[in-house]
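Just my_file-v2.txt here, compact mmCIF, C-alpha atoms:
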```
# COMPACT_ATOMS: atom_id res chain seq x y z
CA LEU G 1 -7.74 -9.58 18.58
CA ASN G 2 -7.10 -7.74 15.32
CA ASN G 3 -3.48 -8.90 15.22
CA SER G 4 -4.60 -12.51 15.68
CA GLY G 5 -6.97 -12.21 12.71
CA ASN G 6 -10.15 -12.02 14.78
CA ASP G 7 -11.12 -8.57 13.53
CA VAL G 8 -14.86 -9.21 13.94
CA GLU G 9 -14.47 -9.83 17.67
CA GLY G 10 -12.04 -6.92 17.84
CA ALA G 11 -14.64 -4.62 16.32
CA ARG G 12 -17.25 -5.89 18.79
CA VAL G 13 -15.00 -5.14 21.75
CA LEU G 14 -14.25 -1.65 20.42
CA GLU G 15 -17.95 -0.93 19.91
CA GLN G 16 -18.71 -2.12 23.44
CA GLY G 17 -15.98 0.05 24.89
CA PHE G 18 -17.08 3.05 22.84
CA ALA G 19 -20.59 2.78 24.29
CA PHE G 20 -19.16 3.14 27.80
CA ARG G 21 -16.45 5.69 27.04
CA ASP G 22 -18.09 8.43 29.13
CA GLN G 23 -17.53 6.29 32.23
CA MET G 24 -13.75 6.21 31.65
CA PRO G 25 -11.28 8.66 33.23
CA GLU G 26 -10.49 11.42 30.73
CA ALA G 27 -7.01 10.23 29.78
CA GLU G 28 -8.16 6.65 29.18
CA ARG G 29 -11.17 7.92 27.24
CA LEU G 30 -9.05 10.04 24.90
CA ALA G 31 -6.60 7.18 24.33
CA PHE G 32 -9.45 4.73 23.72
CA GLU G 33 -11.22 7.08 21.28
CA ALA G 34 -8.02 7.38 19.25
CA VAL G 35 -7.74 3.59 19.01
CA TYR G 36 -11.44 3.30 18.18
CA TYR G 37 -11.19 5.76 15.29
CA GLN G 38 -8.09 3.97 14.04
CA TYR G 39 -9.22 0.34 14.19
CA GLY G 40 -12.99 0.51 14.67
CA PRO G 41 -15.78 0.41 12.09
CA HIS G 42 -15.80 4.19 11.59
CA PRO G 43 -12.17 5.19 10.86
CA ASP G 44 -11.56 8.91 11.11
CA ARG G 45 -8.01 10.21 11.04
CA GLY G 46 -9.05 13.72 12.01
CA LYS G 47 -10.55 12.41 15.24
CA ILE G 48 -7.46 10.28 15.92
CA ILE G 49 -5.29 13.38 15.70
CA GLU G 50 -7.73 15.41 17.79
CA SER G 51 -7.86 12.76 20.54
CA TYR G 52 -4.09 12.33 20.77
CA THR G 53 -3.44 16.09 20.63
CA LYS G 54 -5.74 16.65 23.62
CA LEU G 55 -4.27 13.65 25.42
CA PHE G 56 -0.62 14.73 25.07
CA ALA G 57 -1.37 18.37 25.93
CA LYS G 58 -3.09 17.51 29.21
CA TYR G 59 -1.42 14.19 30.09
CA PRO G 60 2.17 14.24 28.74
CA GLU G 61 2.93 10.98 30.57
CA TRP G 62 0.80 9.29 27.88
CA LEU G 63 3.42 10.19 25.27
CA THR G 64 4.62 6.60 25.02
CA ILE G 65 6.00 4.45 22.25
CA ILE G 66 2.54 3.00 21.52
CA THR G 67 0.64 6.29 21.35
CA THR G 68 3.32 8.13 19.35
CA ASP G 69 3.57 5.20 16.95
CA LEU G 70 -0.18 5.18 16.29
CA LEU G 71 -0.26 8.94 15.77
CA ALA G 72 2.77 8.81 13.49
CA GLU G 73 1.05 6.14 11.38
CA THR G 74 -1.96 8.41 11.04
CA TYR G 75 0.08 11.38 9.82
CA GLU G 76 2.09 9.15 7.49
CA SER G 77 -1.11 7.77 5.94
CA GLN G 78 -2.09 11.39 5.19
CA ARG G 79 1.36 11.93 3.62
CA GLU G 80 2.41 14.41 6.27
CA PHE G 81 5.83 12.82 6.34
CA ALA G 82 7.72 15.45 8.32
CA VAL G 83 5.26 15.21 11.21
CA ALA G 84 5.36 11.41 11.12
CA GLU G 85 9.15 11.45 11.19
CA SER G 86 9.22 13.80 14.19
CA LEU G 87 6.84 11.55 16.13
CA TRP G 88 8.81 8.40 15.38
CA ALA G 89 11.96 10.25 16.45
CA ILE G 90 10.29 10.80 19.83
CA ALA G 91 9.41 7.10 20.02
CA VAL G 92 13.01 6.14 19.22
CA ARG G 93 14.28 8.39 22.03
CA VAL G 94 11.71 6.96 24.46
CA ALA G 95 12.51 3.33 23.60
CA PRO G 96 15.72 3.01 21.51
CA ASP G 97 15.61 -0.79 21.56
CA GLU G 98 12.06 -1.16 20.26
CA ILE G 99 11.68 -2.62 16.78
CA THR G 100 8.76 -0.66 15.35
CA PRO G 101 9.86 3.00 15.53
CA ASN G 102 13.42 2.20 14.50
CA TYR G 103 12.13 0.74 11.24
CA ASP G 104 9.06 2.90 10.66
CA ILE G 105 10.97 6.20 10.79
CA ILE G 106 12.88 5.16 7.66
CA ARG G 107 9.74 5.30 5.49
CA PRO G 108 8.97 9.04 5.91
CA GLN G 109 12.67 9.87 5.68
CA ILE G 110 12.90 8.17 2.29
CA ALA G 111 9.60 9.75 1.21
CA GLN G 112 11.14 13.18 1.87
CA GLY G 113 14.32 12.30 0.02
CA LYS G 114 16.30 12.40 3.28
CA PHE G 115 18.52 9.49 2.36
CA ALA G 116 21.38 10.42 4.71
CA ALA G 117 18.94 10.61 7.62
CA ALA G 118 17.49 7.21 6.65
CA ARG G 119 20.98 5.70 6.57
CA ASN G 120 21.73 7.20 9.98
CA SER G 121 18.49 5.68 11.30
CA ILE G 122 19.57 2.25 10.08
CA ILE G 123 23.01 2.67 11.70
CA HIS G 124 21.41 3.89 14.95
CA ALA G 125 19.00 0.97 15.04
CA ARG G 126 21.76 -1.58 14.45
CA ALA G 127 23.76 -0.08 17.32
CA HIS G 128 20.91 -0.13 19.82
CA ARG G 129 19.47 -3.58 19.37
CA PRO G 130 20.36 -7.09 18.17
CA PRO G 131 20.34 -7.70 14.39
CA LEU G 132 16.91 -6.98 12.93
CA ARG G 133 15.81 -8.50 9.62
CA ALA G 134 13.68 -5.46 8.72
CA LEU G 135 16.80 -3.31 8.69
CA ASP G 136 18.43 -5.62 6.15
CA GLN G 137 15.52 -5.05 3.81
CA ALA G 138 15.43 -1.32 4.57
CA GLU G 139 19.10 -1.05 3.60
CA ALA G 140 18.35 -2.50 0.16
CA LEU G 141 15.24 -0.35 -0.34
CA LEU G 142 17.23 2.77 0.53
CA LEU G 143 19.93 1.84 -1.98
CA TYR G 144 17.26 1.33 -4.63
CA ASN G 145 15.79 4.79 -3.99
CA GLU G 146 19.29 6.22 -4.33
CA ASN G 147 19.27 4.66 -7.82
CA LYS G 148 21.96 2.19 -6.79
CA VAL G 149 20.10 -0.74 -8.27
CA ASP G 150 23.09 -3.08 -8.52
CA SER G 151 23.99 -2.45 -4.87
CA ALA G 152 20.37 -3.05 -3.87
CA ARG G 153 20.42 -6.34 -5.78
CA LEU G 154 23.52 -7.47 -3.86
CA VAL G 155 21.74 -6.83 -0.55
CA PHE G 156 18.59 -8.59 -1.79
CA GLU G 157 20.76 -11.58 -2.76
CA ARG G 158 22.36 -11.58 0.68
CA ASN G 159 18.92 -11.45 2.28
CA ALA G 160 17.73 -14.34 0.09
CA ARG G 161 20.54 -16.50 1.53
CA ALA G 162 19.72 -15.62 5.15
CA THR G 163 19.00 -18.34 7.68
CA ASP G 164 16.04 -16.27 8.88
CA LEU G 165 13.22 -17.69 6.75
CA THR G 166 11.17 -14.48 6.69
CA LEU G 167 14.14 -12.39 5.56
CA ALA G 168 15.11 -15.03 2.98
CA ARG G 169 11.60 -15.06 1.54
CA SER G 170 11.56 -11.27 1.41
CA GLY G 171 14.90 -11.26 -0.41
CA ARG G 172 13.69 -13.79 -2.97
CA PHE G 173 10.54 -11.76 -3.57
CA ASP G 174 12.53 -8.56 -4.06
CA LEU G 175 14.82 -10.33 -6.53
CA SER G 176 11.78 -11.46 -8.52
CA VAL G 177 10.61 -7.84 -8.65
CA LEU G 178 13.99 -6.73 -10.03
CA GLU G 179 13.73 -9.42 -12.72
CA LEU G 180 10.37 -8.02 -13.81
CA ARG G 181 11.71 -4.46 -13.68
CA ALA G 182 14.48 -5.51 -16.08
CA GLY G 183 11.97 -7.12 -18.45
CA HIS G 184 13.08 -10.66 -17.60
CA VAL G 185 9.54 -12.00 -17.42
CA ALA G 186 10.48 -15.68 -17.63
CA ALA G 187 12.92 -15.32 -14.71
CA PHE G 188 10.26 -13.44 -12.77
CA VAL G 189 7.78 -16.28 -13.29
CA VAL G 190 10.33 -18.86 -12.11
CA ARG G 191 11.19 -16.90 -8.97
CA GLN G 192 7.53 -16.32 -8.16
CA ALA G 193 6.80 -20.04 -8.52
CA GLN G 194 9.60 -20.78 -6.04
CA LEU G 195 7.98 -18.37 -3.58
CA THR G 196 4.56 -20.02 -3.71
CA SER G 197 5.66 -23.66 -3.73
CA ALA G 198 5.66 -25.82 -0.59
CA PRO G 199 6.13 -29.53 0.20
CA GLY G 200 3.13 -31.42 -1.14
CA ARG G 201 1.65 -28.33 -2.77
CA PRO G 202 2.28 -27.18 -6.34
CA PRO G 203 3.18 -23.52 -6.90
CA VAL G 204 0.44 -21.02 -7.72
CA PRO G 205 0.76 -20.15 -11.43
CA ILE G 206 1.71 -16.46 -11.32
CA ASN G 207 0.22 -15.99 -14.80
CA GLU G 208 -3.18 -16.94 -13.37
CA THR G 209 -3.25 -14.15 -10.80
CA ALA G 210 -4.18 -10.48 -10.94
CA GLN G 211 -0.48 -9.67 -11.02
CA GLY G 212 -0.03 -11.96 -14.00
CA VAL G 213 -2.83 -10.14 -15.82
CA ARG G 214 -1.17 -6.79 -15.14
CA VAL G 215 2.18 -8.09 -16.35
CA ALA G 216 0.50 -9.09 -19.62
CA THR G 217 -1.01 -5.63 -20.10
CA ARG G 218 1.62 -3.31 -18.64
CA VAL G 219 4.89 -5.14 -19.33
CA LEU G 220 4.24 -7.53 -22.21
CA GLN G 221 1.49 -5.34 -23.72
CA GLN G 222 -0.39 -8.44 -24.88
CA PRO G 223 -4.12 -7.80 -24.28
CA ASP G 224 -5.26 -11.16 -25.68
CA GLU G 225 -2.92 -13.00 -23.30
CA ALA G 226 -4.20 -10.80 -20.47
CA LYS G 227 -7.78 -11.84 -21.27
CA ARG G 228 -6.78 -15.51 -21.24
CA ARG G 229 -5.10 -15.10 -17.86
CA LEU G 230 -8.09 -13.30 -16.38
CA ASP G 231 -10.45 -16.03 -17.56
CA ALA G 232 -8.12 -18.60 -15.97
CA ILE G 233 -8.46 -16.78 -12.63
CA TYR G 234 -12.24 -17.18 -12.79
CA ALA G 235 -11.88 -20.90 -13.48
CA ARG G 236 -9.77 -21.45 -10.33
CA ARG G 237 -11.74 -19.21 -8.00
CA THR G 238 -13.53 -20.16 -4.79
CA PRO G 239 -16.52 -18.20 -3.36
CA ALA G 240 -15.86 -14.99 -1.44
CA SER G 241 -16.28 -15.11 2.34
CA ASN G 242 -18.78 -12.26 2.78
CA ALA G 243 -20.61 -9.41 1.04
CA THR G 244 -17.80 -6.89 1.51
CA ALA G 245 -15.18 -9.32 0.23
CA ASN G 246 -17.40 -10.14 -2.74
CA SER G 247 -17.82 -6.45 -3.56
CA PHE G 248 -14.07 -5.87 -3.36
CA ARG G 249 -13.56 -8.85 -5.65
CA ASP G 250 -16.12 -7.58 -8.16
CA LEU G 251 -14.56 -4.10 -8.21
CA ASN G 252 -11.03 -5.45 -8.59
CA ASP G 253 -12.26 -7.74 -11.36
CA ALA G 254 -13.97 -4.76 -12.99
CA ALA G 255 -10.70 -2.84 -13.03
CA LEU G 256 -8.92 -5.81 -14.62
CA GLU G 257 -11.69 -6.38 -17.17
CA ALA G 258 -11.46 -2.76 -18.29
CA GLU G 259 -7.66 -2.85 -18.36
CA VAL G 260 -7.65 -5.90 -20.66
CA GLY G 261 -10.15 -4.17 -22.96
CA ARG G 262 -13.55 -5.50 -21.84
CA PRO G 263 -15.20 -2.39 -20.34
CA GLU G 264 -18.71 -3.75 -20.87
CA ARG G 265 -17.97 -6.62 -18.49
CA ALA G 266 -16.46 -4.14 -16.05
CA ARG G 267 -19.62 -2.05 -16.06
CA ALA G 268 -21.73 -5.12 -15.31
CA LEU G 269 -19.58 -5.93 -12.29
CA ILE G 270 -19.78 -2.36 -10.98
CA GLN G 271 -23.55 -2.43 -11.41
CA ARG G 272 -23.69 -5.67 -9.43
CA VAL G 273 -21.85 -4.00 -6.55
CA ASP G 274 -24.19 -1.02 -6.69
CA ALA G 275 -27.19 -3.35 -6.59
CA ALA G 276 -25.83 -5.15 -3.50
CA LYS G 277 -27.03 -2.30 -1.25
CA LEU G 278 -24.00 -2.21 1.00
CA ASP G 279 -24.32 -0.40 4.30
CA SER G 280 -22.58 2.93 4.85
CA ILE G 281 -19.45 1.35 6.35
CA GLN G 282 -19.09 -1.14 3.48
CA GLN G 283 -19.63 1.65 0.95
CA ARG G 284 -16.91 3.70 2.58
CA LEU G 285 -14.48 0.78 2.54
CA THR G 286 -15.11 -0.03 -1.13
CA GLU G 287 -15.25 3.58 -2.38
CA PRO G 288 -11.62 3.83 -3.60
CA ALA G 289 -11.86 0.49 -5.42
CA ARG G 290 -15.06 1.67 -7.12
CA HIS G 291 -13.36 4.87 -8.30
CA ALA G 292 -10.41 2.83 -9.60
CA ALA G 293 -12.73 0.51 -11.54
CA LEU G 294 -14.59 3.46 -13.06
CA ALA G 295 -11.24 5.02 -13.97
CA TRP G 296 -10.11 1.95 -15.91
CA VAL G 297 -13.49 1.84 -17.67
CA ALA G 298 -13.11 5.49 -18.68
CA LEU G 299 -9.58 4.83 -19.92
CA ALA G 300 -10.73 1.82 -21.96
CA GLU G 301 -13.52 3.89 -23.50
CA GLY G 302 -11.17 6.72 -24.45
CA ARG G 303 -12.49 9.20 -21.87
CA GLY G 304 -9.09 10.28 -20.63
CA LEU G 305 -10.05 13.23 -18.44
CA ASP G 306 -12.82 11.22 -16.75
CA ALA G 307 -10.19 8.56 -16.04
CA VAL G 308 -7.90 11.18 -14.47
CA HIS G 309 -10.64 12.38 -12.14
CA GLU G 310 -11.52 8.83 -11.08
CA PHE G 311 -7.89 7.78 -10.55
CA GLN G 312 -7.37 10.88 -8.42
CA ALA G 313 -10.55 10.10 -6.47
CA ALA G 314 -9.32 6.54 -5.86
CA ASP G 315 -6.16 8.04 -4.34
CA GLN G 316 -8.21 9.87 -1.69
CA LEU G 317 -10.37 8.85 1.25
CA ARG G 318 -13.06 10.98 2.82
CA ASP G 319 -10.56 12.19 5.41
CA GLY G 320 -7.51 12.68 3.21
CA ALA G 321 -4.92 10.77 1.21
CA ASN G 322 -5.42 7.05 0.61
CA GLY G 323 -2.25 5.77 2.26
CA PHE G 324 1.38 6.79 2.38
CA CYS G 325 2.27 6.11 -1.27
CA ASP G 326 2.73 9.50 -2.92
CA ILE G 327 3.47 8.10 -6.39
CA CYS G 328 1.08 5.18 -6.79
CA ALA G 329 -1.50 7.16 -8.75
CA ASP G 330 1.02 8.94 -10.99
CA PRO G 331 1.34 6.36 -13.81
CA THR G 332 -2.40 5.89 -14.28
CA VAL G 333 -3.14 9.62 -13.94
CA GLY G 334 -0.46 10.20 -16.56
CA LEU G 335 -2.06 7.61 -18.84
CA GLY G 336 -5.39 9.42 -18.46
CA PHE G 337 -3.88 12.78 -19.40
CA ASP G 338 -2.10 11.06 -22.29
CA ARG G 339 -5.40 9.63 -23.55
CA ALA G 340 -7.02 13.07 -23.17
CA ASN G 341 -4.31 14.56 -25.42
CA MET G 342 -2.94 16.73 -22.61
CA PRO G 343 0.79 16.03 -23.00
CA ASP G 344 2.08 18.64 -20.55
CA SER G 345 -0.07 17.24 -17.74
CA ALA G 346 0.89 13.68 -18.67
CA ILE G 347 4.59 14.58 -18.60
CA ALA G 348 4.20 16.24 -15.17
CA ALA G 349 2.57 13.10 -13.73
CA PHE G 350 5.10 10.76 -15.33
CA GLU G 351 8.09 12.86 -14.22
CA HIS G 352 6.78 13.02 -10.65
CA PHE G 353 6.60 9.23 -10.69
CA VAL G 354 10.13 8.79 -12.05
CA GLN G 355 11.77 11.38 -9.80
CA SER G 356 10.00 10.90 -6.46
CA PRO G 357 11.22 8.54 -3.72
CA PHE G 358 9.04 5.86 -2.15
CA ILE G 359 10.33 3.06 0.03
CA TYR G 360 8.67 0.31 -2.02
CA ARG G 361 8.99 1.95 -5.42
CA HIS G 362 10.76 -1.09 -6.91
CA ASN G 363 7.35 -2.82 -6.88
CA LEU G 364 5.82 0.03 -8.90
CA ASP G 365 8.80 0.32 -11.22
CA ALA G 366 8.45 -3.34 -12.13
CA GLN G 367 4.97 -2.66 -13.52
CA TYR G 368 5.19 0.89 -14.81
CA LEU G 369 8.72 2.23 -15.23
CA ALA G 370 9.34 0.91 -18.75
CA LEU G 371 5.92 2.08 -19.92
CA VAL G 372 6.34 5.53 -18.36
CA LEU G 373 9.87 6.06 -19.71
CA ARG G 374 8.74 4.92 -23.16
CA ARG G 375 5.90 7.47 -23.20
CA LEU G 376 8.17 10.24 -21.90
CA GLY G 377 10.62 9.44 -24.66
CA GLN G 378 7.89 9.58 -27.29
```
Full structure transcribed into structure tokens:
Amino acid sequence: LNNSGNDVEGARVLEQGFAFRDQMPEAERLAFEAVYYQYGPHPDRGKIIESYTKLFAKYPEWLTIITTDLLAETYESQREFAVAESLWAIAVRVAPDEITPNYDIIRPQIAQGKFAAARNSIIHARAHRPPLRALDQAEALLLYNENKVDSARLVFERNARATDLTLARSGRFDLSVLELRAGHVAAFVVRQAQLTSAPGRPPVPINETAQGVRVATRVLQQPDEAKRRLDAIYARRTPASNATANSFRDLNDAALEAEVGRPERARALIQRVDAAKLDSIQQRLTEPARHAALAWVALAEGRGLDAVHEFQAADQLRDGANGFCDICADPTVGLGFDRANMPDSAIAAFEHFVQSPFIYRHNLDAQYLALVLRRLGQ
């Protein structure tokens, strides 16, 4: 149900099953509880790990590709990359021809800087199954992390010419990212327009999106243009679908308003979210976005250390790290330390960003690398 987009019905089914979990055989109950805490309304990675640990210890026959994959995802999201890699290695041995573990294991290997192991995983996967488009992208992303940008571009170009439409679209997107990374903003805009165009439908103007606003602030460093682009977003906008979506939108808008230099508008949006009286689940879901918005407000108001604390809080959930990106918070944390006149701390954050691997780091480099290298040089 979740995979088909019917997450509301999926949540209802999980809640119904959870109410009757005590009537299940123990193995089924432990497996169900792990899925419930992963996809249900009360996510809890500690309980996922606890459920699977008990399940595998007592019922080793449940160590299947599905259960190991879900547990590996949980550890990866907490940035315990070595554990995630070991679990996906088990899944690959159990089912060498399955798509998911053969691709997923590459992420924690790159995150640990184990580039040779990642390359071996790609070679192994190609040998054990028919050609897989995800491996073509993984090859390019690995090359990029090895700082072989020109070689990565060649693979992206090959992917963009693929007959597989999904791979071709991915390749074209990655090429647009490399254009932005190189400072070729006009070429980036053209490539993005090609990605969003379709027969009978004009392309979405990239400059009138949140990404376009960030390009204006972080790459072009033109705050007035960023304000114009943000106002254009409001003019094109349709109503949000529900209260949670509206709160996410307000918080994301607040972050953008502060980033373009309008912190007073950002505060008003945050206050509107606070006045919405979200339930505990909605509050938990929106908590990182609220911290991020407050961080950008603090940065805009010159409160650098407050910004650092809020950016760091946005990078955490109540049960650990907020996802498997170990470098996503570095540029903004560094900017906060920079604003607080703490150069040593800023340098440490910036250098960690520049030197650390991450499978999708080309997306981050496009927005931040030039800015970070410029500040390090200064």
Edge lengths and centre in Å, axis-aligned, range 231-239 of chain G plus 4 Å each side, as lines of an AutoDock Vina configuration file:
```
center_x = -12.3
center_y = -18.7
center_z = -10.5
size_x = 16.4
size_y = 13.4
size_z = 22.2
```
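Note that CA of Asp44 in chain G and CA of Thr64 in chain G are 21.5 Å apart.
One distance worth recording is that between CA of Leu178 in chain G and CA of Ala152 in chain G, which is 9.6 Å.
Note that CA of Glu351 in chain G and CA of Leu373 in chain G are 8.9 Å apart.
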Determine the nearest neighbour of Gly377 in chain G from the options G:Val260, G:Ala27, G:Ile347, G:Val177, counting only C-alpha atoms. G:Ile347
Give the answer as one residue: which of G:Leu369, G:Ala95, G:Ala72, G:Ala268 has the shortest atom-to-atom distance to Phe324 in chain G, using all atoms listed in the file? G:Ala72
From the list G:Ile90, G:Leu142, G:Val308, G:Ala266, which residue is nearest Arg290 in chain G when using all atoms listed in the file? G:Ala266
From the set G:Asn363, G:Asn120, G:Gln221, G:Thr68, which residue has the shortest atom-to-atom contact distance to Thr53 in chain G, counting all atoms listed in the file? G:Thr68
The residue from G:Ile359, G:Ala210, G:Leu30, G:Ala275 with the smallest atom-to-atom distance to Ile106 in chain G, counting all atoms listed in the file, is G:Ile359
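Proximity to Arg191 in chain G was assessed for G:Phe173, G:Pro205, G:Glu157, G:Arg133 counting all atoms listed in the file; the smallest distance is recorded for G:Phe173.
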Please provide the set of residues having any atom within 12 Å of Asp150 in chain G, restricted to all atoms listed in the file, with same-chain residues fewer than 3 positions apart removed, written as a CSV table (one decimal) with C-alpha atoms, keeping the file's coordinate frame.
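Result saved to part15.csv:
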```csv
chain,number,residue,atom,x,y,z
G,140,ALA,CA,18.4,-2.5,0.2
G,141,LEU,CA,15.2,-0.4,-0.3
G,143,LEU,CA,19.9,1.8,-2.0
G,144,TYR,CA,17.3,1.3,-4.6
G,145,ASN,CA,15.8,4.8,-4.0
G,146,GLU,CA,19.3,6.2,-4.3
G,147,ASN,CA,19.3,4.7,-7.8
G,153,ARG,CA,20.4,-6.3,-5.8
G,154,LEU,CA,23.5,-7.5,-3.9
G,155,VAL,CA,21.7,-6.8,-0.6
G,156,PHE,CA,18.6,-8.6,-1.8
G,157,GLU,CA,20.8,-11.6,-2.8
G,175,LEU,CA,14.8,-10.3,-6.5
G,178,LEU,CA,14.0,-6.7,-10.0
G,182,ALA,CA,14.5,-5.5,-16.1
```
So which residues touch range 233-248 of chain G within 6 Å, counting all atoms listed in the file, skipping near sequence neighbours fewer than 2 positions away, as a VMD selection string? chain G and resid 208 230 to 231 250 to 251 273
Excluding same-chain residues fewer than 5 positions from Ser176 in chain G, what lies within 8 Å of it counting all atoms listed in the file, as an MDAnalysis selection string? chainID G and resid 187:189 191:192
Write out all heavy atoms for range 289-296 of chain G, as a PDB file, in the frame of the given file.
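Below is the file result_7.pdb, written as the result:
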```pdb
ATOM      1  N   ALA G 289     -11.894   1.539  -4.399  1.00  0.00           N
ATOM      2  CA  ALA G 289     -11.860   0.490  -5.420  1.00  0.00           C
ATOM      3  C   ALA G 289     -12.894   0.765  -6.509  1.00  0.00           C
ATOM      4  O   ALA G 289     -12.658   0.468  -7.688  1.00  0.00           O
ATOM      5  CB  ALA G 289     -12.120  -0.869  -4.777  1.00  0.00           C
ATOM      6  N   ARG G 290     -14.040   1.339  -6.125  1.00  0.00           N
ATOM      7  CA  ARG G 290     -15.060   1.670  -7.120  1.00  0.00           C
ATOM      8  C   ARG G 290     -14.558   2.778  -8.044  1.00  0.00           C
ATOM      9  O   ARG G 290     -14.736   2.717  -9.263  1.00  0.00           O
ATOM     10  CB  ARG G 290     -16.361   2.092  -6.427  1.00  0.00           C
ATOM     11  CG  ARG G 290     -17.523   2.311  -7.390  1.00  0.00           C
ATOM     12  CD  ARG G 290     -18.807   2.654  -6.640  1.00  0.00           C
ATOM     13  NE  ARG G 290     -19.946   2.697  -7.546  1.00  0.00           N
ATOM     14  CZ  ARG G 290     -20.262   3.738  -8.305  1.00  0.00           C
ATOM     15  NH1 ARG G 290     -19.518   4.829  -8.248  1.00  0.00           N
ATOM     16  NH2 ARG G 290     -21.310   3.691  -9.113  1.00  0.00           N
ATOM     17  N   HIS G 291     -13.931   3.795  -7.467  1.00  0.00           N
ATOM     18  CA  HIS G 291     -13.360   4.870  -8.300  1.00  0.00           C
ATOM     19  C   HIS G 291     -12.302   4.311  -9.248  1.00  0.00           C
ATOM     20  O   HIS G 291     -12.238   4.700 -10.414  1.00  0.00           O
ATOM     21  CB  HIS G 291     -12.748   5.951  -7.414  1.00  0.00           C
ATOM     22  CG  HIS G 291     -13.752   6.865  -6.784  1.00  0.00           C
ATOM     23  ND1 HIS G 291     -14.623   7.647  -7.533  1.00  0.00           N
ATOM     24  CD2 HIS G 291     -14.014   7.151  -5.485  1.00  0.00           C
ATOM     25  CE1 HIS G 291     -15.377   8.368  -6.710  1.00  0.00           C
ATOM     26  NE2 HIS G 291     -15.035   8.073  -5.469  1.00  0.00           N
ATOM     27  N   ALA G 292     -11.459   3.401  -8.751  1.00  0.00           N
ATOM     28  CA  ALA G 292     -10.410   2.830  -9.600  1.00  0.00           C
ATOM     29  C   ALA G 292     -11.021   2.043 -10.763  1.00  0.00           C
ATOM     30  O   ALA G 292     -10.553   2.136 -11.908  1.00  0.00           O
ATOM     31  CB  ALA G 292      -9.494   1.937  -8.775  1.00  0.00           C
ATOM     32  N   ALA G 293     -12.076   1.274 -10.478  1.00  0.00           N
ATOM     33  CA  ALA G 293     -12.730   0.510 -11.540  1.00  0.00           C
ATOM     34  C   ALA G 293     -13.341   1.443 -12.585  1.00  0.00           C
ATOM     35  O   ALA G 293     -13.191   1.223 -13.795  1.00  0.00           O
ATOM     36  CB  ALA G 293     -13.807  -0.391 -10.937  1.00  0.00           C
ATOM     37  N   LEU G 294     -14.010   2.487 -12.121  1.00  0.00           N
ATOM     38  CA  LEU G 294     -14.590   3.460 -13.060  1.00  0.00           C
ATOM     39  C   LEU G 294     -13.502   4.155 -13.876  1.00  0.00           C
ATOM     40  O   LEU G 294     -13.709   4.490 -15.047  1.00  0.00           O
ATOM     41  CB  LEU G 294     -15.410   4.491 -12.289  1.00  0.00           C
ATOM     42  CG  LEU G 294     -16.728   3.988 -11.697  1.00  0.00           C
ATOM     43  CD1 LEU G 294     -17.333   5.036 -10.765  1.00  0.00           C
ATOM     44  CD2 LEU G 294     -17.726   3.638 -12.806  1.00  0.00           C
ATOM     45  N   ALA G 295     -12.347   4.371 -13.254  1.00  0.00           N
ATOM     46  CA  ALA G 295     -11.240   5.020 -13.970  1.00  0.00           C
ATOM     47  C   ALA G 295     -10.749   4.145 -15.113  1.00  0.00           C
ATOM     48  O   ALA G 295     -10.534   4.631 -16.236  1.00  0.00           O
ATOM     49  CB  ALA G 295     -10.101   5.298 -12.987  1.00  0.00           C
ATOM     50  N   TRP G 296     -10.573   2.848 -14.842  1.00  0.00           N
ATOM     51  CA  TRP G 296     -10.110   1.950 -15.910  1.00  0.00           C
ATOM     52  C   TRP G 296     -11.144   1.824 -17.012  1.00  0.00           C
ATOM     53  O   TRP G 296     -10.791   1.714 -18.195  1.00  0.00           O
ATOM     54  CB  TRP G 296      -9.751   0.589 -15.326  1.00  0.00           C
ATOM     55  CG  TRP G 296      -8.429   0.573 -14.629  1.00  0.00           C
ATOM     56  CD1 TRP G 296      -8.199   0.497 -13.290  1.00  0.00           C
ATOM     57  CD2 TRP G 296      -7.137   0.647 -15.241  1.00  0.00           C
ATOM     58  NE1 TRP G 296      -6.851   0.523 -13.025  1.00  0.00           N
ATOM     59  CE2 TRP G 296      -6.173   0.609 -14.203  1.00  0.00           C
ATOM     60  CE3 TRP G 296      -6.703   0.735 -16.566  1.00  0.00           C
ATOM     61  CZ2 TRP G 296      -4.807   0.665 -14.465  1.00  0.00           C
ATOM     62  CZ3 TRP G 296      -5.329   0.786 -16.830  1.00  0.00           C
ATOM     63  CH2 TRP G 296      -4.410   0.747 -15.786  1.00  0.00           C
TER      64      TRP G 296
END
```
